[in-house]
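Visitor: As input, take entry.cif (mmCIF, C-alpha atoms):
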data_target
#
loop_
_atom_site.group_PDB
_atom_site.id
_atom_site.type_symbol
_atom_site.label_atom_id
_atom_site.label_comp_id
_atom_site.auth_asym_id
_atom_site.auth_seq_id
_atom_site.Cartn_x
_atom_site.Cartn_y
_atom_site.Cartn_z
ATOM 1 C CA MET R 1 -40.752 -9.902 71.049
ATOM 2 C CA MET R 2 -37.849 -8.703 73.208
ATOM 3 C CA LYS R 3 -38.086 -5.381 74.918
ATOM 4 C CA LYS R 4 -35.103 -3.086 74.604
ATOM 5 C CA ILE R 5 -33.616 -1.815 77.882
ATOM 6 C CA ASP R 6 -31.500 1.268 78.087
ATOM 7 C CA ARG R 7 -27.784 1.083 78.800
ATOM 8 C CA ARG R 8 -28.039 2.716 82.254
ATOM 9 C CA LYS R 9 -30.539 0.121 83.563
ATOM 10 C CA PHE R 10 -28.476 -2.707 82.072
ATOM 11 C CA LEU R 11 -25.271 -1.490 83.747
ATOM 12 C CA LYS R 12 -27.070 -1.030 87.077
ATOM 13 C CA VAL R 13 -28.375 -4.634 87.012
ATOM 14 C CA MET R 14 -25.031 -6.059 85.916
ATOM 15 C CA GLY R 15 -23.241 -4.081 88.634
ATOM 16 C CA ALA R 16 -25.491 -5.581 91.316
ATOM 17 C CA VAL R 17 -24.990 -9.108 89.954
ATOM 18 C CA GLY R 18 -21.239 -8.568 89.814
ATOM 19 C CA ALA R 19 -21.169 -7.299 93.403
ATOM 20 C CA VAL R 20 -22.991 -10.391 94.662
ATOM 21 C CA CYS R 21 -20.631 -12.720 92.774
ATOM 22 C CA THR R 22 -17.588 -10.818 93.998
ATOM 23 C CA MET R 23 -18.736 -10.921 97.644
ATOM 24 C CA THR R 24 -19.281 -14.672 97.399
ATOM 25 C CA ALA R 25 -15.825 -15.181 95.904
ATOM 26 C CA LEU R 26 -14.140 -12.918 98.452
ATOM 27 C CA THR R 27 -15.674 -14.537 101.533
ATOM 28 C CA GLY R 28 -14.886 -18.050 100.321
ATOM 29 C CA CYS R 29 -18.168 -19.205 101.832
ATOM 30 C CA SER R 30 -19.778 -22.349 100.590
ATOM 31 C CA GLY R 31 -23.416 -23.116 100.763
ATOM 32 C CA GLY R 32 -26.085 -24.555 98.581
ATOM 33 C CA GLY R 33 -29.030 -22.425 97.757
ATOM 34 C CA GLY R 34 -32.536 -23.493 97.154
ATOM 35 C CA SER R 35 -36.053 -22.515 97.828
ATOM 36 C CA ALA R 36 -38.648 -24.620 99.523
ATOM 37 C CA PRO R 37 -40.128 -26.885 98.484
ATOM 38 C CA SER R 38 -36.886 -28.143 97.047
ATOM 39 C CA SER R 39 -36.723 -28.742 93.336
ATOM 40 C CA ASP R 40 -34.420 -31.711 93.995
ATOM 41 C CA GLY R 41 -37.275 -33.830 95.380
ATOM 42 C CA SER R 42 -36.280 -33.486 99.036
ATOM 43 C CA VAL R 43 -38.547 -32.323 101.854
ATOM 44 C CA PRO R 44 -37.182 -29.679 104.231
ATOM 45 C CA LEU R 45 -37.436 -30.966 107.805
ATOM 46 C CA SER R 46 -38.878 -27.574 108.729
ATOM 47 C CA TYR R 47 -41.983 -28.506 106.702
ATOM 48 C CA LEU R 48 -42.838 -31.395 109.018
ATOM 49 C CA GLU R 49 -44.720 -30.953 112.257
ATOM 50 C CA PRO R 50 -42.731 -32.492 115.131
ATOM 51 C CA PHE R 51 -44.353 -35.461 116.870
ATOM 52 C CA ASN R 52 -42.610 -34.616 120.178
ATOM 53 C CA GLY R 53 -40.856 -31.364 120.988
ATOM 54 C CA SER R 54 -40.502 -28.346 118.759
ATOM 55 C CA VAL R 55 -37.911 -26.309 116.893
ATOM 56 C CA VAL R 56 -38.053 -22.698 115.763
ATOM 57 C CA TRP R 57 -36.360 -22.690 112.378
ATOM 58 C CA ASN R 58 -34.472 -19.640 111.074
ATOM 59 C CA ASN R 59 -34.039 -18.437 114.672
ATOM 60 C CA LEU R 60 -30.800 -16.381 114.511
ATOM 61 C CA THR R 61 -28.539 -15.218 111.697
ATOM 62 C CA PRO R 62 -26.420 -18.355 111.045
ATOM 63 C CA THR R 63 -22.927 -16.854 110.830
ATOM 64 C CA ASP R 64 -19.797 -18.901 111.528
ATOM 65 C CA PRO R 65 -16.571 -17.699 113.229
ATOM 66 C CA PHE R 66 -15.075 -16.945 109.791
ATOM 67 C CA GLY R 67 -17.862 -14.538 108.774
ATOM 68 C CA CYS R 68 -19.750 -16.876 106.426
ATOM 69 C CA THR R 69 -23.549 -16.865 106.701
ATOM 70 C CA TYR R 70 -25.627 -19.955 105.880
ATOM 71 C CA ALA R 71 -29.122 -18.537 105.418
ATOM 72 C CA ASN R 72 -29.330 -19.597 101.766
ATOM 73 C CA GLY R 73 -30.348 -23.201 102.397
ATOM 74 C CA VAL R 74 -33.988 -24.280 102.636
ATOM 75 C CA ASN R 75 -33.804 -23.889 106.434
ATOM 76 C CA TYR R 76 -31.345 -23.272 109.232
ATOM 77 C CA MET R 77 -31.184 -23.415 113.010
ATOM 78 C CA VAL R 78 -28.585 -22.182 115.513
ATOM 79 C CA PHE R 79 -28.292 -24.513 118.523
ATOM 80 C CA ARG R 80 -26.700 -23.057 121.656
ATOM 81 C CA ARG R 81 -27.048 -23.317 125.427
ATOM 82 C CA TYR R 82 -29.510 -20.392 125.507
ATOM 83 C CA GLU R 83 -31.725 -18.710 122.914
ATOM 84 C CA CYS R 84 -31.850 -21.957 120.963
ATOM 85 C CA TYR R 85 -35.647 -22.134 120.613
ATOM 86 C CA TRP R 86 -35.895 -25.899 121.035
ATOM 87 C CA THR R 87 -38.245 -27.450 123.562
ATOM 88 C CA ASN R 88 -37.186 -30.549 125.503
ATOM 89 C CA THR R 89 -33.766 -29.065 126.359
ATOM 90 C CA ARG R 90 -31.745 -29.867 129.474
ATOM 91 C CA TYR R 91 -28.280 -30.265 130.927
ATOM 92 C CA ASN R 92 -26.587 -33.540 131.791
ATOM 93 C CA ALA R 93 -26.040 -34.297 135.496
ATOM 94 C CA ALA R 94 -22.560 -32.708 135.543
ATOM 95 C CA LEU R 95 -23.837 -29.564 133.768
ATOM 96 C CA THR R 96 -21.160 -30.012 131.083
ATOM 97 C CA ILE R 97 -23.483 -30.785 128.148
ATOM 98 C CA PHE R 98 -26.639 -29.010 127.005
ATOM 99 C CA TYR R 99 -28.898 -30.904 124.634
ATOM 100 C CA GLY R 100 -32.318 -30.862 123.044
ATOM 101 C CA GLU R 101 -34.636 -33.412 121.469
ATOM 102 C CA VAL R 102 -37.168 -33.282 118.687
ATOM 103 C CA GLU R 103 -38.939 -36.309 117.226
ATOM 104 C CA TYR R 104 -40.724 -36.728 113.901
ATOM 105 C CA LEU R 105 -43.076 -39.400 112.611
ATOM 106 C CA LEU R 106 -41.604 -40.536 109.284
ATOM 107 C CA ASP R 107 -43.866 -43.576 108.868
ATOM 108 C CA LYS R 108 -41.226 -45.259 106.654
ATOM 109 C CA LYS R 109 -41.696 -42.622 103.906
ATOM 110 C CA TYR R 110 -38.075 -41.481 103.563
ATOM 111 C CA LYS R 111 -34.702 -43.003 102.691
ATOM 112 C CA LYS R 112 -32.181 -40.502 104.087
ATOM 113 C CA LEU R 113 -31.732 -37.411 106.218
ATOM 114 C CA THR R 114 -29.099 -34.856 105.199
ATOM 115 C CA MET R 115 -27.864 -31.683 106.861
ATOM 116 C CA ASN R 116 -24.912 -29.334 106.896
ATOM 117 C CA LEU R 117 -23.119 -28.373 110.101
ATOM 118 C CA ASN R 118 -20.901 -25.412 110.983
ATOM 119 C CA ALA R 119 -19.751 -23.734 114.193
ATOM 120 C CA TYR R 120 -21.676 -20.633 115.237
ATOM 121 C CA LYS R 121 -19.735 -17.364 115.535
ATOM 122 C CA GLU R 122 -19.992 -17.238 119.351
ATOM 123 C CA ALA R 123 -18.580 -20.728 119.959
ATOM 124 C CA GLY R 124 -15.855 -20.851 122.604
ATOM 125 C CA GLU R 125 -12.275 -21.790 121.808
ATOM 126 C CA TYR R 126 -12.637 -25.237 123.420
ATOM 127 C CA GLY R 127 -16.360 -25.713 122.834
ATOM 128 C CA TRP R 128 -17.891 -28.413 120.628
ATOM 129 C CA GLY R 129 -21.250 -29.513 119.289
ATOM 130 C CA LYS R 130 -22.574 -32.636 117.597
ATOM 131 C CA ILE R 131 -25.792 -34.260 116.400
ATOM 132 C CA ASN R 132 -27.099 -37.653 117.545
ATOM 133 C CA VAL R 133 -29.782 -39.303 115.410
ATOM 134 C CA TYR R 134 -32.081 -42.011 116.760
ATOM 135 C CA ALA R 135 -34.281 -44.270 114.644
ATOM 136 C CA ASP R 136 -37.151 -45.929 116.473
ATOM 137 C CA GLY R 137 -35.388 -45.360 119.795
ATOM 138 C CA ASN R 138 -31.933 -46.609 118.766
ATOM 139 C CA LEU R 139 -28.889 -44.396 118.225
ATOM 140 C CA VAL R 140 -27.955 -44.891 114.561
ATOM 141 C CA LYS R 141 -25.430 -42.138 113.869
ATOM 142 C CA THR R 142 -23.470 -39.332 115.520
ATOM 143 C CA SER R 143 -21.942 -36.460 113.596
ATOM 144 C CA PRO R 144 -18.305 -35.475 113.945
ATOM 145 C CA GLU R 145 -17.693 -32.835 116.627
ATOM 146 C CA ILE R 146 -18.022 -29.299 115.316
ATOM 147 C CA VAL R 147 -15.546 -26.897 116.939
ATOM 148 C CA LYS R 148 -14.791 -23.221 116.437
ATOM 149 C CA LYS R 149 -11.898 -24.070 114.087
ATOM 150 C CA THR R 150 -14.089 -26.288 111.860
ATOM 151 C CA LYS R 151 -13.778 -24.100 108.777
ATOM 152 C CA ASP R 152 -15.362 -26.328 106.128
ATOM 153 C CA THR R 153 -19.018 -27.291 106.243
ATOM 154 C CA VAL R 154 -19.544 -30.831 107.559
ATOM 155 C CA LYS R 155 -21.998 -32.751 105.375
ATOM 156 C CA PHE R 156 -23.922 -35.211 107.564
ATOM 157 C CA GLU R 157 -26.105 -37.972 106.131
ATOM 158 C CA VAL R 158 -28.152 -40.671 107.863
ATOM 159 C CA ASP R 159 -29.963 -43.669 106.379
ATOM 160 C CA VAL R 160 -33.589 -43.505 107.581
ATOM 161 C CA SER R 161 -35.029 -46.311 105.433
ATOM 162 C CA ASN R 162 -37.834 -48.160 107.229
ATOM 163 C CA VAL R 163 -37.852 -45.704 110.151
ATOM 164 C CA ASN R 164 -41.118 -44.870 111.877
ATOM 165 C CA TYR R 165 -39.871 -42.340 114.444
ATOM 166 C CA LEU R 166 -36.814 -40.151 113.936
ATOM 167 C CA LYS R 167 -35.309 -38.281 116.889
ATOM 168 C CA ILE R 168 -32.661 -35.591 116.440
ATOM 169 C CA VAL R 169 -30.608 -34.708 119.512
ATOM 170 C CA PRO R 170 -28.135 -31.827 119.163
ATOM 171 C CA GLU R 171 -25.720 -31.361 122.054
ATOM 172 C CA VAL R 172 -23.154 -28.708 122.892
ATOM 173 C CA SER R 173 -20.504 -28.375 125.566
ATOM 174 C CA THR R 174 -20.987 -25.893 128.405
ATOM 175 C CA GLY R 175 -18.824 -24.434 131.139
ATOM 176 C CA GLY R 176 -16.933 -21.154 131.059
ATOM 177 C CA SER R 177 -17.231 -19.012 127.932
ATOM 178 C CA ASN R 178 -14.196 -20.713 126.362
ATOM 179 C CA TYR R 179 -16.074 -24.036 126.535
ATOM 180 C CA TYR R 180 -19.430 -23.002 125.071
ATOM 181 C CA GLY R 181 -20.286 -25.093 122.057
ATOM 182 C CA GLU R 182 -22.603 -23.485 119.521
ATOM 183 C CA MET R 183 -23.440 -24.805 116.063
ATOM 184 C CA ILE R 184 -25.467 -24.193 112.943
ATOM 185 C CA LEU R 185 -27.649 -26.881 111.347
ATOM 186 C CA TRP R 186 -28.710 -25.878 107.844
ATOM 187 C CA ASP R 187 -30.280 -27.315 104.715
ATOM 188 C CA VAL R 188 -31.809 -30.078 106.836
ATOM 189 C CA LYS R 189 -33.772 -32.330 104.471
ATOM 190 C CA LEU R 190 -35.462 -35.706 104.135
ATOM 191 C CA TRP R 191 -35.245 -37.619 100.869
ATOM 192 C CA PRO R 192 -37.964 -39.987 99.572
#
Show me the file's structure as structure tokens.
Guide:
Amino acid sequence: MMKKIDRRKFLKVMGAVGAVCTMTALTGCSGGGGSAPSSDGSVPLSYLEPFNGSVVWNNLTPTDPFGCTYANGVNYMVFRRYECYWTNTRYNAALTIFYGEVEYLLDKKYKKLTMNLNAYKEAGEYGWGKINVYADGNLVKTSPEIVKKTKDTVKFEVDVSNVNYLKIVPEVSTGGSNYYGEMILWDVKLWP
């Protein structure tokens, strides 16, 4: 039997729903939602314990230079030259690239890795970031470079069929503040 709600409560609820929809439409932000574990059959990478290295997921508010926030995926991570919360980070010899490494034991259980990439709001005008993915020690795919003017989310997918060890290596440019690369990785998932 349905319970009758009064008009005032109904209008209050509908007003809140309308405000959320309007804010989404006004910002023009894209982003898939979802709660973990994912109902689509995927496994959020944040659910796996790293074999080597570590990552602190959901470390900073993932807002891009255009004001869109990407906290509605199953996980997110802001990678930058400081406050990135990855272990195994270092600079290249010329101090122009900062990168991190994290490795997972997949044991041939998954078919693909997917993630979304956006620039972080504090990225420099000439800065860039990208993701390198290694399967059993071999570089198998590199994402496009993410720069401050990358407005649309970059969807990045890697075939991980028959992979025992998966290593993810984000890297960002460094130098003066105009050259700092900073990026958001979000909705990072493995698919059986």
Visitor: Tell me, as a PyMOL selection string, which residues lie within 9 Å of Thr96 in chain R, counting all atoms listed in the file; anything in the same chain fewer than 4 positions away does not count.
Guide: chain R and resi 91-92+172-175
Visitor: Could you pull the residues within 6 Å of Asn164 in chain R, counting only C-alpha atoms, minus those fewer than 4 positions along the same chain, as an NGL selection string?
Guide: :R and (105-108)
Visitor: Generate the output file for the selected residues, C-alpha atoms, as a short mmCIF file (atom, residue, chain, number, x, y, z; two decimals), in the coordinates of the input.
Guide:
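That gives us out.cif:
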data_model
loop_
_atom_site.label_atom_id
_atom_site.label_comp_id
_atom_site.auth_asym_id
_atom_site.auth_seq_id
_atom_site.Cartn_x
_atom_site.Cartn_y
_atom_site.Cartn_z
CA LEU R 105 -43.08 -39.40 112.61
CA LEU R 106 -41.60 -40.54 109.28
CA ASP R 107 -43.87 -43.58 108.87
CA LYS R 108 -41.23 -45.26 106.65
#
Visitor: So the first atom is CA of Lys149 in chain R and the second is CA of Tyr180 in chain R; what is the distance between them in Å, to one decimal place?
Guide: 13.4 Å
Visitor: If we count only C-alpha atoms and set the cut-off at 9 Å, which residues sit around Arg80 in chain R, ignoring sequence neighbours fewer than 4 positions away in its own chain? Please answer as an NGL selection string.
Guide: :R and (84 or 98-99 or 120 or 123 or 129 or 171-172 or 180-184)
Visitor: Pick out the residues sitting within 12 Å of Glu83 in chain R, and hand them over as an MDAnalysis selection string; count only C-alpha atoms, and ignore anything fewer than 2 positions along from it in its own chain.
Guide: chainID R and resid 55:56 59:60 77:81 85:87 89 182
Visitor: Using only C-alpha atoms, which of the listed residues (R:Trp128, R:Lys151, R:Val160, R:Asn116) sits closest to Ala71 in chain R?
Guide: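 That would be R:Asn116, the residue with the smallest distance to Ala71 in chain R.
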Visitor: Can you tell me how far CA of Val140 in chain R sits from CA of Glu103 in chain R, in Å to one decimal?
Guide: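 Distance between the two atoms: 14.2 Å.
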Visitor: Have a look at CA of Tyr104 in chain R and CA of Asn88 in chain R and let me know their distance in Å, one decimal.
Guide: 13.6 Å
Visitor: Taking only C-alpha atoms into account, which of R:Asp64, R:Glu49, R:Asp187, R:Asp159 comes nearest Val133 in chain R?
Guide: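 For Val133 in chain R, the nearest of the given residues is R:Asp159.
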Visitor: Taking all atoms listed in the file into account, which of R:Phe51, R:Cys68, R:Asn58, R:Lys155 comes nearest Ile168 in chain R?
Guide: R:Phe51
Visitor: Please report, as lines of an AutoDock Vina configuration file, the centre and edge lengths in Å to one decimal of an axis-aligned box covering all listed atoms of range 125-139 of chain R with 3 Å per side.
Guide:
center_x = -24.7
center_y = -34.2
center_z = 119.0
size_x = 30.9
size_y = 30.8
size_z = 14.8
Visitor: R:Leu48, R:Leu117, R:Gly176, R:Val43: which is nearest Asp152 in chain R, counting only C-alpha atoms?
Guide: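 Of the candidates, the smallest distance to Asp152 in chain R is held by R:Leu117.
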Visitor: With only C-alpha atoms as the atoms that count, which of R:Ser177, R:Thr114, R:Ser46, R:Asn162 lies nearest to Tyr76 in chain R?
Guide: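 That would be R:Ser46, the residue with the smallest distance to Tyr76 in chain R.
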Visitor: Quick check on the file I pasted: which residues fall under the PyMOL selection byres ((chain R and resi 126) around 7)? Write them as a list in words.
Guide: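 When the PyMOL selection byres ((chain R and resi 126) around 7) is applied, the selected residues are Gly124, Glu125, Gly127, Trp128, Asn178 and Tyr179 of chain R.
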Visitor: Please determine, counting all atoms listed in the file, which residue among R:Trp57, R:Tyr165, R:Tyr70, R:Phe156 has the shortest atom-to-atom distance to Leu45 in chain R.
Guide: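 Once distances to Leu45 in chain R are computed over all atoms listed in the file, the minimum belongs to R:Trp57.
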